[in-house]
Amino acid sequence: MNEYGKVLEDVDLKKYNTYGIGGHAKYLISPDSLKHLQALIKYLNSENISWYLLGGGSNVILPDADFAGAIIKLDQLNDIKINKDTIIAEAGITLANFVNCLLDEGYTNYAALMGIPGTLGGAIVGNAGAYNVAIFDNLISVTVMDELGNVNEYNKENIQYDYRMTEFKGRRNIIVAAKFEGIKGDVAKACEQIKENLQKRQKTQPLEYKNAGSVFKNPAVASAGYLIEHTGLKNLTIGGAKVSEKHANFIINYNNATSRDIIELITVIKKEVQKKQKVKLELEQIIVTW
Ligand SMILES: Cc1cc2nc3c(=O)[nH]c(=O)nc-3n(C[C@H](O)[C@H](O)[C@H](O)COP(=O)(O)OP(=O)(O)OC[C@H]3O[C@@H](n4cnc5c(N)ncnc54)[C@H](O)[C@@H]3O)c2cc1C
């Protein structure tokens, strides 16, 4: 498979997700072009080798079990082109680089997303957002490779999306690129705001521990963190997984947590919040199964 890009074998997946959990994967492949990604998908399908697309691993709960297939990462597909207020970026670019490239050209409309880890592709899948800005806000279209390797471009009007969800979530489609509108603004002011936002994150989120961001979506009635805290669940620990003291909607890998610890903790939180607050929490993170 070396002809398609960089191939690693027997890879410890703990290094490839922000929870620091998971087993080993037989292969981890980073295709070096769209054409090679397409050829790789066709090859894996023809050989009956299962595959899973991983971005920055900052929104997933990977299984403890080893994966006998191939993890595909798009880190070599990270090009970005900006031309007259139109931005075309490949999905493997990190969200931080995407925001920085836009700022370099005077576009401030995605500055609020600085601080969200992961890739542009992962951000599109979950319609990531912060401080009242979401990645779909100025999105024009998404280029998608289906599980057979066919590539199509979809305009935003034809894509279903909502708060922290899109129709791509849970599907075996690969987002390869996206087009956006850039909106110019005061870059110095935007950078000042980014600094403030990052300080706020540092103060309110348990960034000193491995975690994967907000565990649950915020229900309409109150924030998930508020509901979990007022159910008395802060510091609740199962195995090595713990509800953060700093922010109750974060589960931290406190002490060599397993995927199973985290999922059990999620189950208990959901049950207790439903019982005491009469609110059904909906998971924002993605439980992956091989
Ligand atoms: C400290 C911290 C803070 C966070 N803050 C925020 C926040 O403020 N707002 C927010 O919205 N999120 C936040 N998150 C969650 C997370 O960073 C985002 O959801 C991020 O956009 C996920 O991107 P990723 O590349 O890491 O995706 P991954 O976790 O790698 O993948 C998520 C899902 O998308 C799929 N996927 C990834 N790339 C592609 C692709 N190219 N094509 C098809 N499918 C793909 C994967 O298969 C998986 O199902 C935070 C996480 C952490 C750890």
# chains A, B, ... in the order shown; residues from 1 in each chain; ligands from 1
call {"tool": "closest_atom_pairs", "arguments": {"of": "chain A", "to": "ligand 1", "cutoff": "6 Å", "atoms": "only C-alpha atoms and all ligand atoms", "output": "tab-separated table"}}
result
residue	atom	partner	partner_atom_place_in_ligand_line	distance
A:Thr18	CA	ligand 1	53 (C)	5.8
A:Leu53	CA	ligand 1	47 (O)	4.6
A:Leu54	CA	ligand 1	30 (O)	4.3
A:Gly55	CA	ligand 1	30 (O)	3.1
A:Gly56	CA	ligand 1	26 (O)	3.4
A:Gly57	CA	ligand 1	30 (O)	3.3
A:Ser58	CA	ligand 1	26 (O)	3.6
A:Asn59	CA	ligand 1	29 (O)	3.5
A:Val60	CA	ligand 1	29 (O)	4.5
A:Ala91	CA	ligand 1	41 (N)	5.1
A:Ile116	CA	ligand 1	5 (N)	4.5
A:Pro117	CA	ligand 1	17 (O)	4.3
A:Gly118	CA	ligand 1	26 (O)	3.5
A:Thr119	CA	ligand 1	25 (O)	3.7
A:Gly121	CA	ligand 1	41 (N)	3.7
A:Gly122	CA	ligand 1	23 (O)	3.5
A:Ala123	CA	ligand 1	21 (O)	3.2
A:Val125	CA	ligand 1	34 (O)	5.2
A:Gly126	CA	ligand 1	19 (O)	5.7
A:Ala128	CA	ligand 1	11 (O)	3.1
A:Gly129	CA	ligand 1	11 (O)	4.2
A:Ala130	CA	ligand 1	8 (O)	4.7
A:Gly170	CA	ligand 1	49 (O)	5.8
A:Asn173	CA	ligand 1	43 (C)	5.4
A:Ile174	CA	ligand 1	42 (N)	3.6
A:Ile175	CA	ligand 1	42 (N)	3.7
A:Val176	CA	ligand 1	41 (N)	5.6
A:Leu207	CA	ligand 1	1 (C)	5.8
A:Asn211	CA	ligand 1	53 (C)	5.2
A:Ala212	CA	ligand 1	53 (C)	3.7
A:Gly213	CA	ligand 1	51 (C)	3.5
call {"tool": "write_last_selection", "arguments": {"atoms": "C-alpha atoms", "output": "tab-separated table (two decimals), in the first residue's frame"}}
result
chain	number	residue	atom	x	y	z
A	18	THR	CA	-7.20	13.22	22.54
A	53	LEU	CA	-11.44	7.64	8.69
A	54	LEU	CA	-9.91	9.48	11.65
A	55	GLY	CA	-9.34	13.23	11.83
A	56	GLY	CA	-7.59	14.70	14.85
A	57	GLY	CA	-9.34	12.17	17.09
A	58	SER	CA	-10.70	14.95	19.30
A	59	ASN	CA	-14.38	13.97	19.22
A	60	VAL	CA	-14.25	10.17	19.29
A	91	ALA	CA	-10.27	18.35	4.80
A	116	ILE	CA	-11.17	23.77	18.72
A	117	PRO	CA	-8.72	20.91	18.11
A	118	GLY	CA	-8.85	18.57	15.13
A	119	THR	CA	-9.21	18.87	11.38
A	121	GLY	CA	-13.09	17.47	7.96
A	122	GLY	CA	-13.92	16.56	11.55
A	123	ALA	CA	-15.29	20.06	12.15
A	125	VAL	CA	-18.88	16.31	10.20
A	126	GLY	CA	-19.98	17.63	13.61
A	128	ALA	CA	-18.19	22.32	15.18
A	129	GLY	CA	-18.57	25.76	16.65
A	130	ALA	CA	-17.83	28.12	19.49
A	170	GLY	CA	-22.00	8.23	11.32
A	173	ASN	CA	-18.44	9.18	3.48
A	174	ILE	CA	-15.10	10.93	3.34
A	175	ILE	CA	-15.16	14.70	3.25
A	176	VAL	CA	-12.19	15.61	1.10
A	207	LEU	CA	-7.07	21.06	29.40
A	211	ASN	CA	-10.32	14.66	27.12
A	212	ALA	CA	-12.43	14.96	23.96
A	213	GLY	CA	-14.29	18.21	24.63
call {"tool": "select_by_dssp", "arguments": {"residues": "segment 85-260 of chain A", "states": "strand (DSSP E)", "output": "PyMOL selection string"}}
result
chain A and resi 86-90+129-130+133-134+139-145+151-155+161-162+165-166+174-181+237-238+241-243+251-253
call {"tool": "closest_atom_pairs", "arguments": {"of": "segment 50-162 of chain A", "to": "segment 7-11 of chain A", "cutoff": "12 Å", "atoms": "only C-alpha atoms", "output": "JSON lines"}}
result
{"residue": "A:Asp66", "atom": "CA", "partner": "A:Asp10", "partner_atom": "CA", "distance": 9.3}
{"residue": "A:Phe67", "atom": "CA", "partner": "A:Asp10", "partner_atom": "CA", "distance": 9.3}
{"residue": "A:Ala68", "atom": "CA", "partner": "A:Asp10", "partner_atom": "CA", "distance": 9.3}
{"residue": "A:Gly69", "atom": "CA", "partner": "A:Asp10", "partner_atom": "CA", "distance": 10.1}
{"residue": "A:Ala70", "atom": "CA", "partner": "A:Glu9", "partner_atom": "CA", "distance": 9.1}
{"residue": "A:Ile71", "atom": "CA", "partner": "A:Val11", "partner_atom": "CA", "distance": 9.3}
{"residue": "A:Ile72", "atom": "CA", "partner": "A:Val7", "partner_atom": "CA", "distance": 9.4}
{"residue": "A:Lys73", "atom": "CA", "partner": "A:Val7", "partner_atom": "CA", "distance": 10.2}
call {"tool": "write_last_selection", "arguments": {"atoms": "N, CA and C atoms", "output": "PDB file, in the first residue's frame"}}
result
ATOM      1  N   ASP A  66      -8.372  -4.110  19.477  1.00  0.00           N
ATOM      2  CA  ASP A  66      -7.510  -3.846  18.326  1.00  0.00           C
ATOM      3  C   ASP A  66      -8.363  -3.814  17.049  1.00  0.00           C
ATOM      4  N   PHE A  67      -7.861  -3.105  16.043  1.00  0.00           N
ATOM      5  CA  PHE A  67      -8.565  -2.986  14.765  1.00  0.00           C
ATOM      6  C   PHE A  67      -7.751  -3.713  13.706  1.00  0.00           C
ATOM      7  N   ALA A  68      -8.359  -4.713  13.086  1.00  0.00           N
ATOM      8  CA  ALA A  68      -7.623  -5.525  12.100  1.00  0.00           C
ATOM      9  C   ALA A  68      -7.601  -4.858  10.726  1.00  0.00           C
ATOM     10  N   GLY A  69      -8.058  -3.620  10.634  1.00  0.00           N
ATOM     11  CA  GLY A  69      -8.124  -2.939   9.345  1.00  0.00           C
ATOM     12  C   GLY A  69      -7.180  -1.754   9.256  1.00  0.00           C
ATOM     13  N   ALA A  70      -7.601  -0.756   8.446  1.00  0.00           N
ATOM     14  CA  ALA A  70      -6.746   0.410   8.188  1.00  0.00           C
ATOM     15  C   ALA A  70      -7.408   1.698   8.693  1.00  0.00           C
ATOM     16  N   ILE A  71      -6.672   2.430   9.489  1.00  0.00           N
ATOM     17  CA  ILE A  71      -7.093   3.783   9.864  1.00  0.00           C
ATOM     18  C   ILE A  71      -6.578   4.702   8.764  1.00  0.00           C
ATOM     19  N   ILE A  72      -7.479   5.515   8.210  1.00  0.00           N
ATOM     20  CA  ILE A  72      -7.047   6.460   7.170  1.00  0.00           C
ATOM     21  C   ILE A  72      -7.025   7.859   7.771  1.00  0.00           C
ATOM     22  N   LYS A  73      -5.915   8.559   7.559  1.00  0.00           N
ATOM     23  CA  LYS A  73      -5.810   9.947   8.022  1.00  0.00           C
ATOM     24  C   LYS A  73      -5.502  10.840   6.821  1.00  0.00           C
TER      25      LYS A  73
END
call {"tool": "closest_residue", "arguments": {"among": "A:Phe136, A:Tyr161, A:Tyr254, A:Tyr209", "to": "Lys242 of chain A", "atoms": "only C-alpha atoms"}}
result
A:Tyr254
call {"tool": "residues_around", "arguments": {"residues": "segment 236-241 of chain A", "least_positions_apart": "6", "cutoff": "8 Å", "atoms": "only C-alpha atoms", "output": "number ranges by chain"}}
result
A: 251-258, 261-262, 264-265
call {"tool": "atom_distance", "arguments": {"atom1": "atom CA of Gln76 of chain A", "atom2": "atom CA of Asp32 of chain A"}}
result
5.4 Å
call {"tool": "select_by_dssp", "arguments": {"residues": "segment 41-267 of chain A", "states": "helix (DSSP H, G or I)", "output": "VMD selection string"}}
result
chain A and resid 41 to 46 95 to 104 111 to 113 120 to 125 156 to 158 187 to 204 224 to 229 259 to 267
call {"tool": "atom_distance", "arguments": {"atom1": "atom CA of Val144 of chain A", "atom2": "atom CA of Ala177 of chain A"}}
result
7.2 Å
call {"tool": "residues_around", "arguments": {"residues": "His230 of chain A", "least_positions_apart": "3", "cutoff": "10 Å", "atoms": "only C-alpha atoms", "output": "list of chain:residue names"}}
result
A:Ala224, A:Gly225, A:Tyr226, A:Leu227, A:Leu233, A:Lys234, A:Ala248, A:Val273, A:Lys276, A:Gln277
call {"tool": "atom_distance", "arguments": {"atom1": "atom CA of Asn150 of chain A", "atom2": "atom CA of Met165 of chain A"}}
result
23.4 Å
call {"tool": "residues_around", "arguments": {"residues": "Ala39 of chain A", "least_positions_apart": "4", "cutoff": "10 Å", "atoms": "only C-alpha atoms", "output": "list in words"}}
result
Met1, Glu3, Tyr4, Pro31, Ser33, Leu34, Lys35, Tyr43, Leu44, Asn45, Leu148 and Gly149 of chain A
call {"tool": "write_last_selection", "arguments": {"atoms": "N, CA and C atoms", "output": "mmCIF file, in the first residue's frame"}}
result
data_model
loop_
_atom_site.group_PDB
_atom_site.id
_atom_site.type_symbol
_atom_site.label_atom_id
_atom_site.label_comp_id
_atom_site.auth_asym_id
_atom_site.auth_seq_id
_atom_site.Cartn_x
_atom_site.Cartn_y
_atom_site.Cartn_z
ATOM 1 N N MET A 1 0.815 -1.229 0.000
ATOM 2 C CA MET A 1 0.000 0.000 0.000
ATOM 3 C C MET A 1 0.835 1.259 0.000
ATOM 4 N N GLU A 3 2.338 2.635 -2.220
ATOM 5 C CA GLU A 3 2.158 3.477 -3.418
ATOM 6 C C GLU A 3 1.082 4.546 -3.222
ATOM 7 N N TYR A 4 0.247 4.390 -2.169
ATOM 8 C CA TYR A 4 -0.833 5.363 -1.954
ATOM 9 C C TYR A 4 -0.439 6.493 -0.996
ATOM 10 N N PRO A 31 -2.860 8.951 2.808
ATOM 11 C CA PRO A 31 -2.709 9.083 1.359
ATOM 12 C C PRO A 31 -2.096 10.436 0.997
ATOM 13 N N SER A 33 -2.417 12.022 -2.033
ATOM 14 C CA SER A 33 -3.196 12.814 -2.995
ATOM 15 C C SER A 33 -4.623 12.277 -3.011
ATOM 16 N N LEU A 34 -5.509 13.079 -3.573
ATOM 17 C CA LEU A 34 -6.914 12.669 -3.670
ATOM 18 C C LEU A 34 -7.034 11.400 -4.529
ATOM 19 N N LYS A 35 -6.247 11.392 -5.595
ATOM 20 C CA LYS A 35 -6.261 10.232 -6.501
ATOM 21 C C LYS A 35 -5.839 8.960 -5.763
ATOM 22 N N TYR A 43 -8.886 -0.239 -3.384
ATOM 23 C CA TYR A 43 -8.039 -1.395 -3.050
ATOM 24 C C TYR A 43 -8.535 -2.064 -1.755
ATOM 25 N N LEU A 44 -8.761 -1.253 -0.717
ATOM 26 C CA LEU A 44 -9.185 -1.820 0.577
ATOM 27 C C LEU A 44 -10.518 -2.553 0.420
ATOM 28 N N ASN A 45 -11.447 -1.936 -0.333
ATOM 29 C CA ASN A 45 -12.742 -2.588 -0.558
ATOM 30 C C ASN A 45 -12.569 -3.921 -1.284
ATOM 31 N N LEU A 148 -17.410 3.994 -2.090
ATOM 32 C CA LEU A 148 -16.887 3.257 -3.248
ATOM 33 C C LEU A 148 -15.796 4.045 -3.961
ATOM 34 N N GLY A 149 -15.577 5.289 -3.503
ATOM 35 C CA GLY A 149 -14.512 6.102 -4.104
ATOM 36 C C GLY A 149 -15.015 7.153 -5.088
#
call {"tool": "closest_residue", "arguments": {"among": "A:Asp12, A:Lys169, A:Gln193, A:Ser50", "to": "Ala65 of chain A", "atoms": "only C-alpha atoms"}}
result
A:Asp12
call {"tool": "residues_around", "arguments": {"residues": "Glu282 of chain A", "least_positions_apart": "2", "cutoff": "10 Å", "atoms": "only C-alpha atoms", "output": "ChimeraX atom specification"}}
result
/A:215-219,224,270,279-280,284-285
call {"tool": "write_last_selection", "arguments": {"atoms": "N, CA and C atoms", "output": "JSON list (two decimals), in the first residue's frame"}}
result
[["chain", "number", "residue", "atom", "x", "y", "z"],
["A", 215, "VAL", "N", -18.93, 16.33, 26.33],
["A", 215, "VAL", "CA", -19.42, 14.95, 26.15],
["A", 215, "VAL", "C", -20.83, 14.98, 25.56],
["A", 216, "PHE", "N", -21.68, 15.88, 26.10],
["A", 216, "PHE", "CA", -23.07, 15.94, 25.66],
["A", 216, "PHE", "C", -23.37, 17.28, 24.98],
["A", 217, "LYS", "N", -24.38, 17.27, 24.11],
["A", 217, "LYS", "CA", -24.85, 18.52, 23.51],
["A", 217, "LYS", "C", -25.59, 19.30, 24.60],
["A", 218, "ASN", "N", -25.63, 20.61, 24.46],
["A", 218, "ASN", "CA", -26.37, 21.41, 25.43],
["A", 218, "ASN", "C", -27.86, 21.35, 25.10],
["A", 219, "PRO", "N", -28.69, 20.83, 26.04],
["A", 219, "PRO", "CA", -30.14, 20.82, 25.78],
["A", 219, "PRO", "C", -30.69, 22.26, 25.86],
["A", 224, "ALA", "N", -25.44, 21.36, 29.50],
["A", 224, "ALA", "CA", -25.23, 19.99, 29.99],
["A", 224, "ALA", "C", -24.36, 20.03, 31.25],
["A", 270, "LYS", "N", -26.08, 9.85, 32.09],
["A", 270, "LYS", "CA", -27.35, 9.97, 31.38],
["A", 270, "LYS", "C", -28.52, 9.53, 32.27],
["A", 279, "VAL", "N", -34.23, 15.38, 32.19],
["A", 279, "VAL", "CA", -33.71, 15.81, 30.89],
["A", 279, "VAL", "C", -32.92, 14.66, 30.26],
["A", 280, "LYS", "N", -33.20, 14.42, 28.98],
["A", 280, "LYS", "CA", -32.49, 13.35, 28.27],
["A", 280, "LYS", "C", -31.27, 13.96, 27.58],
["A", 284, "GLU", "N", -22.59, 14.18, 22.34],
["A", 284, "GLU", "CA", -21.94, 14.94, 21.25],
["A", 284, "GLU", "C", -20.76, 14.13, 20.69],
["A", 285, "GLN", "N", -20.07, 13.43, 21.57],
["A", 285, "GLN", "CA", -18.92, 12.62, 21.14],
["A", 285, "GLN", "C", -19.41, 11.36, 20.40]]
call {"tool": "residues_around", "arguments": {"residues": "Lys84 of chain A", "least_positions_apart": "6", "cutoff": "12 Å", "atoms": "only C-alpha atoms", "output": "ChimeraX atom specification"}}
result
/A:102,105-107,180-184
call {"tool": "closest_residue", "arguments": {"among": "A:Ile263, A:Leu281, A:Ala190, A:Ile159", "to": "Val221 of chain A", "atoms": "only C-alpha atoms"}}
result
A:Leu281
call {"tool": "closest_residue", "arguments": {"among": "A:Asn109, A:Lys179, A:Gly115, A:Ile286", "to": "Ile80 of chain A", "atoms": "only C-alpha atoms"}}
result
A:Lys179
